[in-house]
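*Asks:* Please read through the structure below; I'll follow up with questions.
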Amino acid sequence: MINGSEKLGWFYNQIGRWWDNKNEIDIVGINTMGNEIIFGECKFCQRKMDVDVLEELTEKAAAVSWKKND
């Protein structure tokens with residue numbers, strides 16, 4: 001499992017999907033002990049992804065409302 005290894009830089013103790021009425025993000029990992037959050041997109045195809053996929057994910061991630069609970 002890559003979470004818990006040092007490959008991601010942090011341990012994400014909440015992992016799942018995120019969506020609202022306009023956007024959906026396939027996978028979101030949150031480190032609730034810090035201010036770290038990671039977003040991922042799953043694409044199932046046999047061609048290489050273009051930078052537009054990254055740009056779309058970046059726009060979706062900007063819509064996420066997440067606040068650390070103290």
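Starting from 1 in every chain, residues are counted up; chains themselves are A, B, ... following the order of the structure tokens, and ligands are numbered from 1 as listed.
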Do a neighbour search on region 49-60 of chain A at 12 Å with only C-alpha atoms, toss out local chain neighbours closer than 4 positions, and write the hits as a list in words.

*Replies:*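 Contacts, in chain order: Trp18, Trp19, Asp20, Asn21, Lys22, Asn23, Glu24, Ile25, Asp26, Ile27, Val28, Ile38, Phe39, Gly40, Glu41, Cys42, Lys43, Phe44, Cys45, Val64 and Ser65 of chain A.
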
*Asks:* So which residues of chain A fall under strand (DSSP E or B) by DSSP, listed as an MDAnalysis selection string?

*Replies:* chainID A and resid 3 5 14:19 24:31 36:40

*Asks:* How many Å separate CA of Ala63 (chain A) from CA of Trp10 (chain A)?

*Replies:*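 Between these atoms lies a distance of 22.4 Å.
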
*Asks:* If I take CA of Phe11 (chain A) and CA of Lys48 (chain A), how far is one from the other in Å, to one decimal?

*Replies:* 28.6 Å

*Asks:* If you run DSSP on this backbone, which residues of chain A come out as alpha helix (DSSP H), and could you give them as number ranges by chain?

*Replies:* A: 51-62

*Asks:* Take CA of Ile37 (chain A) and CA of Gly9 (chain A) and report the distance between them in Å, one decimal.

*Replies:* 10.9 Å
